[in-house]
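Structure first, then comments.
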Amino acid sequence: MTGMSKFNKEITVFIFFLALVILWGLFANASADMKTPVDTKVPVDTKTPFQGKKVAGFFIEFEEGTTEPEVKDILENYNMTVNTIDYNSDIIPGRYYMILDRDRIMDIEELVDEVNLTIPIKKGSNYLVTVTEQAIEDKNFLAILEKNNLPVKKSVYCYIRLEDESENGSIPQKDAYQIANELEKNEKVLAASPDTRINHLLIEFEDGTTEQEVKSILEKYNTTMNTIEYDSNLQPERYYLVVDADKRMDVRNELGKDENWTDPIYHDIKKGNHYIITVTEQAIEDKNFLAMLEKNDLQVKNSVLCCITLGNESKNWIWESDERRIENELKMNEKVLTLLRCGST
């Protein structure tokens with residue numbers, strides 16, 4: 001019994017010692033893990049420099065009467081190397097606007113409806129209000145402005161092309177936006193934005209325009225494109241009326257009888273001697289609306305939306321300045337209703 005007891009004690013001591021060794025090993029491994037954590041992330045190549053997006057130039061809108069020498073003087077105060085200045089550029093037509101103080105803004109509050117006047121934007125101690133083209137062509141509205149002594153001005157747009165050694169741009173996009181923000185603090189600058197890359201162009205064609213016609217129209221204006229998504233569903237369907245210019249206000253008055261027949265976010269579009277007036281889907285299901293159409297010999301039409309991927313085989317973008325030139329030409333086509341650039345990068 002004594003020998004067996006001694007043997008049992010030795011076994012117990014051995015097991016205890018073995019347990020200590022195991023525990024020590026686990027603790028050591030845990031400590032090592034704490035000191036040198038395992039990185040499970042995908043390795044990152046830190047040697048290859050990141051090529052940031054760049055811009056080709058700036059679109060700058062100056063207040064009415066700003067001369068070309070004044071534009072040059074203003075630009076010299078900012079960190080950019082100018083290649084050329086397209087003064088009073090036709091890339092973007094000047095807009096009609098008013099600069100008003102806070103008291104005058106309160107006076108015209110009822111006129112701000114997004115159809116004739118847009119929501120005021122703070123500019124220094126005053127406010128900038130855009131007067132739409134629709135308002136400029138409305139003699140009655142202009143009479144209201146004149147009666148209230150509200151002079152309308154027209155801005156001067158300039159395109160500033162920067163010194164560029166490659167087609168990929170001149171200065172980093174991040175820096176360009178900072179410069180644009182600084183430019184807008186100048187009292188003579190109404191707005192400034194960089195010339196960035198545009199990936200897509202959404203074009204609404206008139207009812208019944210075929211895919212082949214779309215291709216022919218785009219090729220006519222040398223549109224640099226990769227693909228055409230015909231009859232796209234990227235936007236809700238647009239229902240519209242084509243109204244003679246001299247009957248527009250009469251039809252507008254008829255449509256005003258029911259607020260559900262039109263949507264104020266859609267402005268009338270002038271096309272030659274006609275206007276495109278957008279109506280709602282709710283309207284075309286209304287018997288009273290249909291009766292109004294019959295009375296005025298009008299028909300509801302449905303536009304054809306196409307998404308154009310810009311660029312060529314080597315890139316899927318073009319500069320906004322190039323896109324705007326294409327856009328200006330396309331707007332003149334009788335089959336084109338609206339254009340919207342998107343996918344700016």
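Following the order of the structure tokens, chains are lettered A, B, ..., residues in each are numbered from 1, and ligands are numbered from 1.
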Problem set entry | Nearby residues (only C-alpha atoms) at most 8 Å from region 152-161 of chain A, same-chain spacing under 5 positions excluded, as a list in words |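 These residues fall inside the cut-off: Ala56, Gly57, Phe58, Phe59, Ile60, Glu61, Phe62, Glu63, Glu64, Gly65, Thr66, Val82, Asn83, Thr84, Ile85, Asp86, Tyr87, Asn88, Ser89, Asp90, Ile91, Ile92, Pro93, Gly94, Arg95, Tyr96, Tyr97, Met98 and Val131 of chain A.
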Could you take the residues named above and write them with N, CA and C atoms, as a PDB file, in the first residue's frame?
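Wrote it out as selection_11.pdb, contents follow:
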ATOM      1  N   ALA A  56      -9.862  70.135 -66.156  1.00  0.00           N
ATOM      2  CA  ALA A  56      -9.268  70.778 -67.331  1.00  0.00           C
ATOM      3  C   ALA A  56      -9.362  72.297 -67.285  1.00  0.00           C
ATOM      4  N   GLY A  57     -10.292  72.812 -66.477  1.00  0.00           N
ATOM      5  CA  GLY A  57     -10.474  74.258 -66.428  1.00  0.00           C
ATOM      6  C   GLY A  57     -11.592  74.645 -65.482  1.00  0.00           C
ATOM      7  N   PHE A  58     -12.132  75.853 -65.679  1.00  0.00           N
ATOM      8  CA  PHE A  58     -13.204  76.359 -64.817  1.00  0.00           C
ATOM      9  C   PHE A  58     -14.275  77.058 -65.648  1.00  0.00           C
ATOM     10  N   PHE A  59     -15.520  76.890 -65.217  1.00  0.00           N
ATOM     11  CA  PHE A  59     -16.625  77.701 -65.716  1.00  0.00           C
ATOM     12  C   PHE A  59     -16.858  78.777 -64.654  1.00  0.00           C
ATOM     13  N   ILE A  60     -16.720  80.034 -65.041  1.00  0.00           N
ATOM     14  CA  ILE A  60     -16.886  81.117 -64.066  1.00  0.00           C
ATOM     15  C   ILE A  60     -17.911  82.119 -64.590  1.00  0.00           C
ATOM     16  N   GLU A  61     -18.883  82.411 -63.753  1.00  0.00           N
ATOM     17  CA  GLU A  61     -19.940  83.355 -64.114  1.00  0.00           C
ATOM     18  C   GLU A  61     -19.704  84.669 -63.375  1.00  0.00           C
ATOM     19  N   PHE A  62     -19.526  85.729 -64.137  1.00  0.00           N
ATOM     20  CA  PHE A  62     -19.266  87.047 -63.566  1.00  0.00           C
ATOM     21  C   PHE A  62     -20.516  87.914 -63.664  1.00  0.00           C
ATOM     22  N   GLU A  63     -20.573  88.922 -62.808  1.00  0.00           N
ATOM     23  CA  GLU A  63     -21.730  89.809 -62.837  1.00  0.00           C
ATOM     24  C   GLU A  63     -21.729  90.653 -64.107  1.00  0.00           C
ATOM     25  N   GLU A  64     -22.888  91.167 -64.434  1.00  0.00           N
ATOM     26  CA  GLU A  64     -23.055  91.963 -65.649  1.00  0.00           C
ATOM     27  C   GLU A  64     -22.041  93.111 -65.701  1.00  0.00           C
ATOM     28  N   GLY A  65     -21.457  93.301 -66.875  1.00  0.00           N
ATOM     29  CA  GLY A  65     -20.542  94.420 -67.067  1.00  0.00           C
ATOM     30  C   GLY A  65     -19.090  94.133 -66.755  1.00  0.00           C
ATOM     31  N   THR A  66     -18.775  92.935 -66.264  1.00  0.00           N
ATOM     32  CA  THR A  66     -17.380  92.601 -65.969  1.00  0.00           C
ATOM     33  C   THR A  66     -16.604  92.473 -67.281  1.00  0.00           C
ATOM     34  N   VAL A  82      -3.265  79.754 -66.141  1.00  0.00           N
ATOM     35  CA  VAL A  82      -4.276  79.871 -67.191  1.00  0.00           C
ATOM     36  C   VAL A  82      -3.645  79.711 -68.570  1.00  0.00           C
ATOM     37  N   ASN A  83      -4.290  78.898 -69.389  1.00  0.00           N
ATOM     38  CA  ASN A  83      -3.862  78.735 -70.777  1.00  0.00           C
ATOM     39  C   ASN A  83      -4.604  79.741 -71.654  1.00  0.00           C
ATOM     40  N   THR A  84      -5.934  79.644 -71.673  1.00  0.00           N
ATOM     41  CA  THR A  84      -6.747  80.579 -72.453  1.00  0.00           C
ATOM     42  C   THR A  84      -7.989  80.981 -71.667  1.00  0.00           C
ATOM     43  N   ILE A  85      -8.534  82.142 -72.005  1.00  0.00           N
ATOM     44  CA  ILE A  85      -9.786  82.622 -71.418  1.00  0.00           C
ATOM     45  C   ILE A  85     -10.793  82.807 -72.546  1.00  0.00           C
ATOM     46  N   ASP A  86     -11.856  82.030 -72.498  1.00  0.00           N
ATOM     47  CA  ASP A  86     -12.937  82.185 -73.472  1.00  0.00           C
ATOM     48  C   ASP A  86     -13.942  83.153 -72.854  1.00  0.00           C
ATOM     49  N   TYR A  87     -13.733  84.436 -73.125  1.00  0.00           N
ATOM     50  CA  TYR A  87     -14.554  85.479 -72.502  1.00  0.00           C
ATOM     51  C   TYR A  87     -15.940  85.518 -73.141  1.00  0.00           C
ATOM     52  N   ASN A  88     -16.956  85.687 -72.300  1.00  0.00           N
ATOM     53  CA  ASN A  88     -18.348  85.710 -72.767  1.00  0.00           C
ATOM     54  C   ASN A  88     -18.622  84.476 -73.632  1.00  0.00           C
ATOM     55  N   SER A  89     -18.263  83.333 -73.083  1.00  0.00           N
ATOM     56  CA  SER A  89     -18.297  82.069 -73.815  1.00  0.00           C
ATOM     57  C   SER A  89     -19.711  81.658 -74.203  1.00  0.00           C
ATOM     58  N   ASP A  90     -19.799  80.997 -75.368  1.00  0.00           N
ATOM     59  CA  ASP A  90     -21.099  80.482 -75.786  1.00  0.00           C
ATOM     60  C   ASP A  90     -21.300  79.041 -75.317  1.00  0.00           C
ATOM     61  N   ILE A  91     -20.333  78.510 -74.558  1.00  0.00           N
ATOM     62  CA  ILE A  91     -20.505  77.168 -73.993  1.00  0.00           C
ATOM     63  C   ILE A  91     -21.692  77.167 -73.038  1.00  0.00           C
ATOM     64  N   ILE A  92     -21.752  78.230 -72.229  1.00  0.00           N
ATOM     65  CA  ILE A  92     -22.879  78.405 -71.313  1.00  0.00           C
ATOM     66  C   ILE A  92     -23.423  79.813 -71.514  1.00  0.00           C
ATOM     67  N   PRO A  93     -24.677  79.946 -71.900  1.00  0.00           N
ATOM     68  CA  PRO A  93     -25.230  81.295 -72.072  1.00  0.00           C
ATOM     69  C   PRO A  93     -25.367  81.998 -70.729  1.00  0.00           C
ATOM     70  N   GLY A  94     -25.179  83.313 -70.734  1.00  0.00           N
ATOM     71  CA  GLY A  94     -25.353  84.071 -69.500  1.00  0.00           C
ATOM     72  C   GLY A  94     -26.783  83.952 -68.992  1.00  0.00           C
ATOM     73  N   ARG A  95     -26.947  84.023 -67.696  1.00  0.00           N
ATOM     74  CA  ARG A  95     -28.299  83.910 -67.132  1.00  0.00           C
ATOM     75  C   ARG A  95     -28.802  85.282 -66.694  1.00  0.00           C
ATOM     76  N   TYR A  96     -30.103  85.390 -66.609  1.00  0.00           N
ATOM     77  CA  TYR A  96     -30.735  86.605 -66.112  1.00  0.00           C
ATOM     78  C   TYR A  96     -30.883  86.479 -64.597  1.00  0.00           C
ATOM     79  N   TYR A  97     -30.614  87.571 -63.916  1.00  0.00           N
ATOM     80  CA  TYR A  97     -30.618  87.492 -62.455  1.00  0.00           C
ATOM     81  C   TYR A  97     -30.883  88.860 -61.834  1.00  0.00           C
ATOM     82  N   MET A  98     -31.105  88.833 -60.525  1.00  0.00           N
ATOM     83  CA  MET A  98     -31.234  90.056 -59.736  1.00  0.00           C
ATOM     84  C   MET A  98     -30.423  89.895 -58.457  1.00  0.00           C
ATOM     85  N   VAL A 131     -33.685  84.742 -62.765  1.00  0.00           N
ATOM     86  CA  VAL A 131     -34.928  84.976 -63.506  1.00  0.00           C
ATOM     87  C   VAL A 131     -34.929  84.000 -64.678  1.00  0.00           C
TER      88      VAL A 131
END
Could you give me, as a PDB file with C-alpha atoms, in the first residue's frame, the residues within 9 Å of region 289-294 of chain A, counting only C-alpha atoms and dropping anything in the same chain fewer than 3 positions from it?
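This went into part.pdb:
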ATOM      1  CA  VAL A 251     -53.586  76.389 -72.164  1.00  0.00           C
ATOM      2  CA  GLU A 254     -56.806  75.844 -68.390  1.00  0.00           C
ATOM      3  CA  LEU A 255     -54.254  73.585 -66.699  1.00  0.00           C
ATOM      4  CA  ASP A 258     -56.544  71.654 -61.237  1.00  0.00           C
ATOM      5  CA  TRP A 261     -52.604  68.296 -63.757  1.00  0.00           C
ATOM      6  CA  ALA A 283     -53.993  64.209 -65.332  1.00  0.00           C
ATOM      7  CA  ILE A 284     -54.237  61.788 -68.241  1.00  0.00           C
ATOM      8  CA  GLU A 285     -56.642  59.670 -66.200  1.00  0.00           C
ATOM      9  CA  ASP A 286     -58.904  62.645 -65.417  1.00  0.00           C
ATOM     10  CA  ASP A 297     -57.325  70.043 -80.042  1.00  0.00           C
ATOM     11  CA  LEU A 298     -54.331  68.762 -78.068  1.00  0.00           C
ATOM     12  CA  GLN A 299     -52.818  65.314 -77.622  1.00  0.00           C
ATOM     13  CA  VAL A 300     -50.797  63.835 -74.777  1.00  0.00           C
TER      14      VAL A 300
END
For this session: Tell me, as number ranges by chain, which residues lie within 12 Å of Ile121 (chain A), counting only C-alpha atoms; anything in the same chain fewer than 4 positions away does not count.
Result: A: 97-102, 105, 112, 117, 125-130, 190-191
Pull the closest atom pair for each residue of region 86-122 of chain A that gets at most 10 Å from region 262-280 of chain A, along with the distance in Å to one decimal, counting only C-alpha atoms, ordering rows by chain and then ascending residue number, as a Markdown table.
| residue | atom | partner | partner_atom | distance |
| --- | --- | --- | --- | --- |
| A:Asp113 | CA | A:Pro264 | CA | 8.0 |
| A:Glu114 | CA | A:Ile265 | CA | 7.2 |
| A:Val115 | CA | A:His267 | CA | 6.2 |
| A:Asn116 | CA | A:His267 | CA | 9.2 |
For this session: Give the answer as one residue: which of A:Glu204, A:Asn77, A:Asn312, A:Glu70 has the shortest atom-to-atom distance to Gln235 (chain A), using only C-alpha atoms?
Result: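 Nearest candidate to Gln235 (chain A) out of A:Glu204, A:Asn77, A:Asn312, A:Glu70: A:Glu204.
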For this session: Tell me, as a PyMOL selection string, which residues lie within 12 Å of Phe205 (chain A), counting only C-alpha atoms; anything in the same chain fewer than 3 positions away does not count.
Result: chain A and resi 202+208-211+213-215+217-218+230-232+237-240+276+301-307+330-331+333-339
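DSSP, applied to the backbone of this structure, assigns strand (DSSP E or B) to the following residues of region 259-293 of chain A: Ile269, Lys270, Lys271, His274, Tyr275, Ile276, Ile277, Thr278 and Val279 of chain A.
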Let's have the selection written as a PDB file, in the first residue's frame, with C-alpha atoms.
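The resulting part.pdb:
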ATOM      1  CA  ILE A 269     -39.635  74.072 -72.913  1.00  0.00           C
ATOM      2  CA  LYS A 270     -39.502  76.311 -75.974  1.00  0.00           C
ATOM      3  CA  LYS A 271     -39.003  74.412 -79.225  1.00  0.00           C
ATOM      4  CA  HIS A 274     -44.037  75.714 -79.828  1.00  0.00           C
ATOM      5  CA  TYR A 275     -43.819  75.002 -76.130  1.00  0.00           C
ATOM      6  CA  ILE A 276     -43.524  71.636 -74.416  1.00  0.00           C
ATOM      7  CA  ILE A 277     -45.767  71.595 -71.342  1.00  0.00           C
ATOM      8  CA  THR A 278     -45.360  68.636 -68.997  1.00  0.00           C
ATOM      9  CA  VAL A 279     -48.486  67.087 -67.482  1.00  0.00           C
TER      10      VAL A 279
END
Exercise. So what do you get for CA of Asp244 (chain A) versus CA of Thr132 (chain A), distance-wise?
Worked result: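 Going from CA of Asp244 (chain A) over to CA of Thr132 (chain A), I get 19.8 Å.
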For this session: Tell me which protein, DNA and RNA residues are within 8 Å of region 320-327 of chain A, counting only C-alpha atoms, leaving out same-chain ones fewer than 5 positions away, and put them as a PyMOL selection string.
Result: chain A and resi 91-92+195-198+221-223+339
Selection from above, C-alpha atoms, as a CSV table (one decimal), in the first residue's frame, can you write it?
chain,number,residue,atom,x,y,z
A,91,ILE,CA,-20.5,77.2,-74.0
A,92,ILE,CA,-22.9,78.4,-71.3
A,195,ASP,CA,-14.5,71.4,-65.7
A,196,THR,CA,-14.8,67.8,-64.7
A,197,ARG,CA,-15.4,64.5,-66.4
A,198,ILE,CA,-18.9,63.6,-67.6
A,221,TYR,CA,-23.4,66.2,-84.0
A,222,ASN,CA,-20.3,64.1,-83.6
A,223,THR,CA,-21.3,62.9,-80.2
A,339,LEU,CA,-30.7,66.9,-71.9
